[in-house]
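Worksheet: one structure, shown below.
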Amino acid sequence: MAETEEVKLLGIWASPFSRRIEMALKLKGIKYDYVEEKLENKSSLLLALNPVHKKVPVLVHNGKTILESLVILEYIDETWPHNPILPQDPYERSKARFFAKLIDEQIINVGFVSMAKADEKGREVLAEQARELIMYLEKELVGKDYFGGKSVGFLDLVAGSMIPFCLERGWEGIGLEVITEEKFPEYNRWVKNLEKVEIVRDCIPPREKHVEHMNYMAERVRSS
């Protein structure tokens with residue numbers, strides 16, 4: 001691709017959906033301009049580029065706007081095919097897409113949205129439901145360093161940005177332990193592997209600030 005091409009990412013520092021796009025761009029070695037948005041005061045640029053959902057992330061590539069993080073990840077992979085993110089095997093690719101949807105639709109709903117609205121007893125029930133869902137990911141990691149095998153791939157970016165580096169901070173804020181090393185040894189090994197990868201480490205939000213943010217987001221859910 002030409003060096004003069006425009007690549008711009010609109011995101012929010014604490015958003016797992018934004019972080020995974022940054023990870024992908026860094027993995028590909030793509031230079032980009034980053035525009036930090038504010039949750040309570042979205043820019044006119046964001047509203048113009050994404051008038052339907054008014055959400056981040058938004059990727060702008062040579063004047064073209066790409067929306068929704070999973071769509072953006074696939075666009076990045078197809079546009080810059082070096083250092084592939086998605087599995088090359090069609091079956092493995094289909095599984096990665098399936099689990100990505102499981103994370104972004106079911107695990108986030110059970111592990112954050114519903115949990116934020118629940119009382120203490122309800123949270124314990126939801127925590128067990130979250131464990132059951134995450135156990136599917138645990139089984140996928142057996143014998144692998146990453147979901148992508150020996151290197152970070154699509155599902156690592158999706159799951160990593162959402163569960164250990166977002167939802168776990170939310171659980172920490174309410175004093176709830178959902179994932180234990182004893183029950184999820186493969187998952188915990190995978191998280192430690194992820195933390196050693198520079199492009200991932202560079203995109204992990206600072207813990208204390210993020211815990212505070214997740215508490216704030218939970219309060220927004222409760223009051224909505």
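Residue names in the structure tokens use chain letters A, B, ... in the order shown, residue numbers from 1 in each chain, and ligand numbers from 1 in the order shown.
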Which region 64-103 of chain A residues have any atom within 12 Å of an atom of region 21-25 of chain A, and for each, what is the nearest pair of atoms with distance in Å to one decimal, counting only C-alpha atoms, rows sorted by chain and number, as CSV?
```
residue,atom,partner,partner_atom,distance
A:Ile66,CA,A:Ile21,CA,11.5
A:Leu67,CA,A:Ile21,CA,11.0
A:Glu68,CA,A:Ile21,CA,10.0
A:Ser69,CA,A:Ile21,CA,6.8
A:Leu70,CA,A:Ile21,CA,8.8
A:Val71,CA,A:Ile21,CA,10.2
A:Ile72,CA,A:Ile21,CA,7.3
A:Leu73,CA,A:Ile21,CA,6.5
A:Glu74,CA,A:Ala24,CA,9.8
A:Tyr75,CA,A:Ile21,CA,10.6
A:Ile76,CA,A:Leu25,CA,7.5
A:Asp77,CA,A:Ala24,CA,8.4
A:Glu78,CA,A:Ala24,CA,12.0
A:Thr79,CA,A:Leu25,CA,11.2
A:Trp80,CA,A:Leu25,CA,9.4
A:Pro81,CA,A:Ala24,CA,11.7
A:His82,CA,A:Leu25,CA,11.4
A:Asn83,CA,A:Ala24,CA,9.6
A:Pro84,CA,A:Ala24,CA,9.7
A:Ile85,CA,A:Ala24,CA,7.6
A:Leu86,CA,A:Ala24,CA,10.7
```
Give me the residues near region 185-198 of chain A as a ChimeraX atom specification, where near means some atom within 12 Å (using only C-alpha atoms) and where sequence neighbours in that chain fewer than 3 positions away do not count. /A:23,26-27,131,134-153,155-157,159-165,168,179-182,201-204
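Computed from the coordinates, the CA of Val211 (chain A) to CA of Glu177 (chain A) distance equals 13.9 Å.
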Skipping near chain neighbours, those fewer than 6 positions away, what residues fall within 12 Å of Glu132 (chain A) using only C-alpha atoms, listed as a ChimeraX atom specification? /A:102,106-107,110-111,125-126,138-139,178-179,183-184
If you keep N, CA, C and O atoms, can you produce a file of those selected residues as a PDB file, in the first residue's frame?
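Contents of result.pdb, freshly written:
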```pdb
ATOM      1  N   LEU A 102     -19.750 -15.009  20.245  1.00  0.00           N
ATOM      2  CA  LEU A 102     -20.091 -15.476  21.588  1.00  0.00           C
ATOM      3  C   LEU A 102     -19.588 -14.479  22.631  1.00  0.00           C
ATOM      4  O   LEU A 102     -20.301 -14.137  23.588  1.00  0.00           O
ATOM      5  N   GLN A 106     -22.832 -12.695  23.953  1.00  0.00           N
ATOM      6  CA  GLN A 106     -23.299 -13.393  25.149  1.00  0.00           C
ATOM      7  C   GLN A 106     -22.442 -13.125  26.386  1.00  0.00           C
ATOM      8  O   GLN A 106     -22.976 -12.817  27.457  1.00  0.00           O
ATOM      9  N   ILE A 107     -21.132 -13.249  26.246  1.00  0.00           N
ATOM     10  CA  ILE A 107     -20.285 -13.106  27.437  1.00  0.00           C
ATOM     11  C   ILE A 107     -20.341 -11.687  27.990  1.00  0.00           C
ATOM     12  O   ILE A 107     -20.428 -11.488  29.195  1.00  0.00           O
ATOM     13  N   VAL A 110     -23.868 -11.310  29.752  1.00  0.00           N
ATOM     14  CA  VAL A 110     -23.948 -12.019  31.036  1.00  0.00           C
ATOM     15  C   VAL A 110     -22.948 -11.440  32.036  1.00  0.00           C
ATOM     16  O   VAL A 110     -23.277 -11.198  33.198  1.00  0.00           O
ATOM     17  N   GLY A 111     -21.722 -11.197  31.561  1.00  0.00           N
ATOM     18  CA  GLY A 111     -20.635 -10.818  32.466  1.00  0.00           C
ATOM     19  C   GLY A 111     -20.550  -9.351  32.806  1.00  0.00           C
ATOM     20  O   GLY A 111     -19.787  -8.972  33.703  1.00  0.00           O
ATOM     21  N   VAL A 125     -25.171 -15.934  40.366  1.00  0.00           N
ATOM     22  CA  VAL A 125     -25.787 -16.780  39.332  1.00  0.00           C
ATOM     23  C   VAL A 125     -25.208 -16.434  37.967  1.00  0.00           C
ATOM     24  O   VAL A 125     -24.849 -17.315  37.171  1.00  0.00           O
ATOM     25  N   LEU A 126     -25.095 -15.135  37.683  1.00  0.00           N
ATOM     26  CA  LEU A 126     -24.551 -14.688  36.406  1.00  0.00           C
ATOM     27  C   LEU A 126     -23.073 -15.035  36.260  1.00  0.00           C
ATOM     28  O   LEU A 126     -22.612 -15.363  35.166  1.00  0.00           O
ATOM     29  N   GLU A 138     -11.790 -21.948  27.239  1.00  0.00           N
ATOM     30  CA  GLU A 138     -10.766 -22.724  27.947  1.00  0.00           C
ATOM     31  C   GLU A 138     -10.419 -23.994  27.166  1.00  0.00           C
ATOM     32  O   GLU A 138      -9.245 -24.324  26.969  1.00  0.00           O
ATOM     33  N   LYS A 139     -11.440 -24.675  26.684  1.00  0.00           N
ATOM     34  CA  LYS A 139     -11.224 -25.928  25.955  1.00  0.00           C
ATOM     35  C   LYS A 139     -10.535 -25.682  24.614  1.00  0.00           C
ATOM     36  O   LYS A 139      -9.756 -26.523  24.137  1.00  0.00           O
ATOM     37  N   VAL A 178     -14.508 -14.250  39.166  1.00  0.00           N
ATOM     38  CA  VAL A 178     -15.218 -15.124  38.233  1.00  0.00           C
ATOM     39  C   VAL A 178     -14.301 -16.209  37.700  1.00  0.00           C
ATOM     40  O   VAL A 178     -14.681 -17.379  37.612  1.00  0.00           O
ATOM     41  N   ILE A 179     -13.077 -15.843  37.351  1.00  0.00           N
ATOM     42  CA  ILE A 179     -12.137 -16.775  36.730  1.00  0.00           C
ATOM     43  C   ILE A 179     -10.991 -17.075  37.689  1.00  0.00           C
ATOM     44  O   ILE A 179     -10.236 -16.172  38.052  1.00  0.00           O
ATOM     45  N   LYS A 183      -9.575 -23.396  38.112  1.00  0.00           N
ATOM     46  CA  LYS A 183     -10.611 -23.888  37.205  1.00  0.00           C
ATOM     47  C   LYS A 183     -10.291 -23.569  35.743  1.00  0.00           C
ATOM     48  O   LYS A 183     -10.736 -24.278  34.839  1.00  0.00           O
ATOM     49  N   PHE A 184      -9.510 -22.524  35.524  1.00  0.00           N
ATOM     50  CA  PHE A 184      -9.205 -22.088  34.151  1.00  0.00           C
ATOM     51  C   PHE A 184      -7.691 -21.969  33.933  1.00  0.00           C
ATOM     52  O   PHE A 184      -7.173 -20.896  33.647  1.00  0.00           O
TER      53      PHE A 184
END
```
Considering only C-alpha atoms, state which residue in the set A:Ala118, A:Val158, A:Val56, A:Glu128 is at the smallest distance from Ile103 (chain A). A:Val158
Do you know which residues are at most 10 Å from Glu5 (chain A) counting only C-alpha atoms, after dropping those on the same chain fewer than 5 positions away, and could you put them as an MDAnalysis selection string? chainID A and resid 31:32 61:63
Between CA of Ala130 (chain A) and CA of Trp13 (chain A), what is the spacing in Å? 24.8 Å
Please provide as a short mmCIF file (atom, residue, chain, number, x, y, z; two decimals) with N, CA and C atoms, in the first residue's frame all residues within 12 Å of Lys54 (chain A), with the sequence filter that same-chain residues fewer than 5 positions apart are discarded (counting only C-alpha atoms).
```cif
data_model
loop_
_atom_site.label_atom_id
_atom_site.label_comp_id
_atom_site.auth_asym_id
_atom_site.auth_seq_id
_atom_site.Cartn_x
_atom_site.Cartn_y
_atom_site.Cartn_z
N LEU A 10 -10.84 6.31 15.28
CA LEU A 10 -11.54 7.01 16.35
C LEU A 10 -11.87 5.98 17.43
N GLY A 11 -11.44 6.25 18.65
CA GLY A 11 -11.66 5.28 19.71
C GLY A 11 -11.77 5.93 21.07
N GLU A 37 -11.98 9.85 21.55
CA GLU A 37 -13.32 10.39 21.72
C GLU A 37 -13.69 10.42 23.20
N LYS A 38 -14.70 11.21 23.53
CA LYS A 38 -15.20 11.27 24.90
C LYS A 38 -16.60 10.66 24.93
N LEU A 39 -16.82 9.79 25.90
CA LEU A 39 -18.09 9.08 26.01
C LEU A 39 -19.26 10.05 26.14
N GLU A 40 -19.09 11.11 26.92
CA GLU A 40 -20.18 12.03 27.21
C GLU A 40 -20.24 13.21 26.24
N ASN A 41 -19.24 13.33 25.39
CA ASN A 41 -19.20 14.50 24.49
C ASN A 41 -18.57 14.06 23.16
N LYS A 42 -19.34 13.30 22.40
CA LYS A 42 -18.83 12.75 21.16
C LYS A 42 -18.63 13.85 20.12
N SER A 43 -17.56 13.73 19.37
CA SER A 43 -17.21 14.77 18.41
C SER A 43 -18.16 14.79 17.22
N SER A 44 -18.21 15.92 16.55
CA SER A 44 -19.03 16.04 15.34
C SER A 44 -18.51 15.09 14.26
N LEU A 45 -17.20 14.83 14.27
CA LEU A 45 -16.61 13.90 13.31
C LEU A 45 -17.16 12.49 13.52
N LEU A 46 -17.19 12.04 14.76
CA LEU A 46 -17.71 10.71 15.06
C LEU A 46 -19.18 10.60 14.66
N LEU A 47 -19.97 11.61 15.00
CA LEU A 47 -21.40 11.59 14.69
C LEU A 47 -21.64 11.61 13.18
N ALA A 48 -20.74 12.26 12.45
CA ALA A 48 -20.87 12.30 10.99
C ALA A 48 -20.47 10.98 10.36
N LEU A 49 -19.42 10.36 10.90
CA LEU A 49 -18.92 9.11 10.33
C LEU A 49 -19.76 7.90 10.71
N LEU A 67 -17.02 0.45 9.96
CA LEU A 67 -17.62 0.44 11.29
C LEU A 67 -17.74 -0.98 11.84
N GLU A 68 -17.89 -1.06 13.16
CA GLU A 68 -18.05 -2.30 13.91
C GLU A 68 -16.72 -3.06 13.99
#
```
For a quick check of understanding, using only C-alpha atoms, which of A:Arg220, A:His53, A:Lys64, A:Arg20 has the smallest distance to Lys8 (chain A)?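 The closest residue to Lys8 (chain A) is A:Lys64.
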Kindly indicate which residue among A:Lys101, A:Arg222, A:Lys55, A:Lys28 lies nearest to Ile12 (chain A), using only C-alpha atoms for the distances.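 Closest residue, counting only C-alpha atoms: A:Lys55.
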Given only C-alpha atoms as the basis, pick out the residue of A:Glu105, A:Ile199, A:Val7, A:Arg207 nearest to Thr65 (chain A).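 The answer is A:Val7, which sits nearest to Thr65 (chain A).
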All strand (DSSP E) residues (DSSP, backbone) inside region 55-224 of chain A, as a PDB file with all heavy atoms, in the first residue's frame:
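What follows is the written file selection_12.pdb:
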```pdb
ATOM      1  N   VAL A  58     -14.235   3.653  14.902  1.00  0.00           N
ATOM      2  CA  VAL A  58     -14.451   3.995  13.498  1.00  0.00           C
ATOM      3  C   VAL A  58     -13.081   4.018  12.833  1.00  0.00           C
ATOM      4  O   VAL A  58     -12.172   4.689  13.321  1.00  0.00           O
ATOM      5  CB  VAL A  58     -15.129   5.373  13.339  1.00  0.00           C
ATOM      6  CG1 VAL A  58     -15.187   5.767  11.870  1.00  0.00           C
ATOM      7  CG2 VAL A  58     -16.524   5.369  13.956  1.00  0.00           C
ATOM      8  N   LEU A  59     -12.933   3.281  11.754  1.00  0.00           N
ATOM      9  CA  LEU A  59     -11.699   3.301  10.979  1.00  0.00           C
ATOM     10  C   LEU A  59     -11.955   4.061   9.688  1.00  0.00           C
ATOM     11  O   LEU A  59     -12.949   3.802   9.006  1.00  0.00           O
ATOM     12  CB  LEU A  59     -11.232   1.881  10.663  1.00  0.00           C
ATOM     13  CG  LEU A  59      -9.886   1.786   9.936  1.00  0.00           C
ATOM     14  CD1 LEU A  59      -8.734   2.101  10.886  1.00  0.00           C
ATOM     15  CD2 LEU A  59      -9.689   0.400   9.297  1.00  0.00           C
ATOM     16  N   VAL A  60     -11.081   5.010   9.383  1.00  0.00           N
ATOM     17  CA  VAL A  60     -11.153   5.735   8.120  1.00  0.00           C
ATOM     18  C   VAL A  60      -9.914   5.375   7.311  1.00  0.00           C
ATOM     19  O   VAL A  60      -8.791   5.583   7.773  1.00  0.00           O
ATOM     20  CB  VAL A  60     -11.228   7.258   8.336  1.00  0.00           C
ATOM     21  CG1 VAL A  60     -11.310   7.977   6.992  1.00  0.00           C
ATOM     22  CG2 VAL A  60     -12.424   7.631   9.206  1.00  0.00           C
ATOM     23  N   HIS A  61     -10.131   4.813   6.140  1.00  0.00           N
ATOM     24  CA  HIS A  61      -9.015   4.411   5.278  1.00  0.00           C
ATOM     25  C   HIS A  61      -9.195   5.049   3.912  1.00  0.00           C
ATOM     26  O   HIS A  61     -10.114   4.693   3.172  1.00  0.00           O
ATOM     27  CB  HIS A  61      -8.961   2.887   5.155  1.00  0.00           C
ATOM     28  CG  HIS A  61      -7.874   2.405   4.253  1.00  0.00           C
ATOM     29  ND1 HIS A  61      -8.043   1.376   3.365  1.00  0.00           N
ATOM     30  CD2 HIS A  61      -6.581   2.833   4.090  1.00  0.00           C
ATOM     31  CE1 HIS A  61      -6.921   1.176   2.701  1.00  0.00           C
ATOM     32  NE2 HIS A  61      -6.020   2.052   3.119  1.00  0.00           N
ATOM     33  N   LYS A  64     -12.618   6.199   3.177  1.00  0.00           N
ATOM     34  CA  LYS A  64     -13.689   5.212   3.353  1.00  0.00           C
ATOM     35  C   LYS A  64     -13.857   4.924   4.835  1.00  0.00           C
ATOM     36  O   LYS A  64     -12.883   4.739   5.562  1.00  0.00           O
ATOM     37  CB  LYS A  64     -13.357   3.921   2.604  1.00  0.00           C
ATOM     38  CG  LYS A  64     -13.271   4.078   1.086  1.00  0.00           C
ATOM     39  CD  LYS A  64     -12.808   2.808   0.414  1.00  0.00           C
ATOM     40  CE  LYS A  64     -11.338   2.523   0.701  1.00  0.00           C
ATOM     41  NZ  LYS A  64     -10.806   1.412  -0.119  1.00  0.00           N
ATOM     42  N   THR A  65     -15.104   4.863   5.275  1.00  0.00           N
ATOM     43  CA  THR A  65     -15.407   4.636   6.680  1.00  0.00           C
ATOM     44  C   THR A  65     -15.809   3.184   6.906  1.00  0.00           C
ATOM     45  O   THR A  65     -16.704   2.672   6.226  1.00  0.00           O
ATOM     46  CB  THR A  65     -16.557   5.553   7.139  1.00  0.00           C
ATOM     47  OG1 THR A  65     -16.176   6.917   6.926  1.00  0.00           O
ATOM     48  CG2 THR A  65     -16.870   5.342   8.608  1.00  0.00           C
ATOM     49  N   ILE A  66     -15.146   2.534   7.872  1.00  0.00           N
ATOM     50  CA  ILE A  66     -15.464   1.144   8.213  1.00  0.00           C
ATOM     51  C   ILE A  66     -15.889   1.114   9.679  1.00  0.00           C
ATOM     52  O   ILE A  66     -15.201   1.678  10.539  1.00  0.00           O
ATOM     53  CB  ILE A  66     -14.266   0.196   7.970  1.00  0.00           C
ATOM     54  CG1 ILE A  66     -13.787   0.319   6.521  1.00  0.00           C
ATOM     55  CG2 ILE A  66     -14.667  -1.252   8.248  1.00  0.00           C
ATOM     56  CD1 ILE A  66     -12.662   1.282   6.303  1.00  0.00           C
ATOM     57  N   LEU A  67     -17.023   0.452   9.957  1.00  0.00           N
ATOM     58  CA  LEU A  67     -17.624   0.444  11.290  1.00  0.00           C
ATOM     59  C   LEU A  67     -17.742  -0.977  11.844  1.00  0.00           C
ATOM     60  O   LEU A  67     -17.734  -1.945  11.085  1.00  0.00           O
ATOM     61  CB  LEU A  67     -19.024   1.077  11.239  1.00  0.00           C
ATOM     62  CG  LEU A  67     -19.124   2.470  10.602  1.00  0.00           C
ATOM     63  CD1 LEU A  67     -20.580   2.879  10.457  1.00  0.00           C
ATOM     64  CD2 LEU A  67     -18.343   3.498  11.408  1.00  0.00           C
TER      65      LEU A  67
END
```
Selection near Glu120 (chain A), 12 Å with only C-alpha atoms, sequence-local residues under 6 positions removed, as a ChimeraX atom specification: /A:114,126-127,174-176
Shortest interatomic distance to Ala100 (chain A) - which of A:Glu124, A:Phe154, A:Val52, A:Phe17, counting only C-alpha atoms: A:Phe154
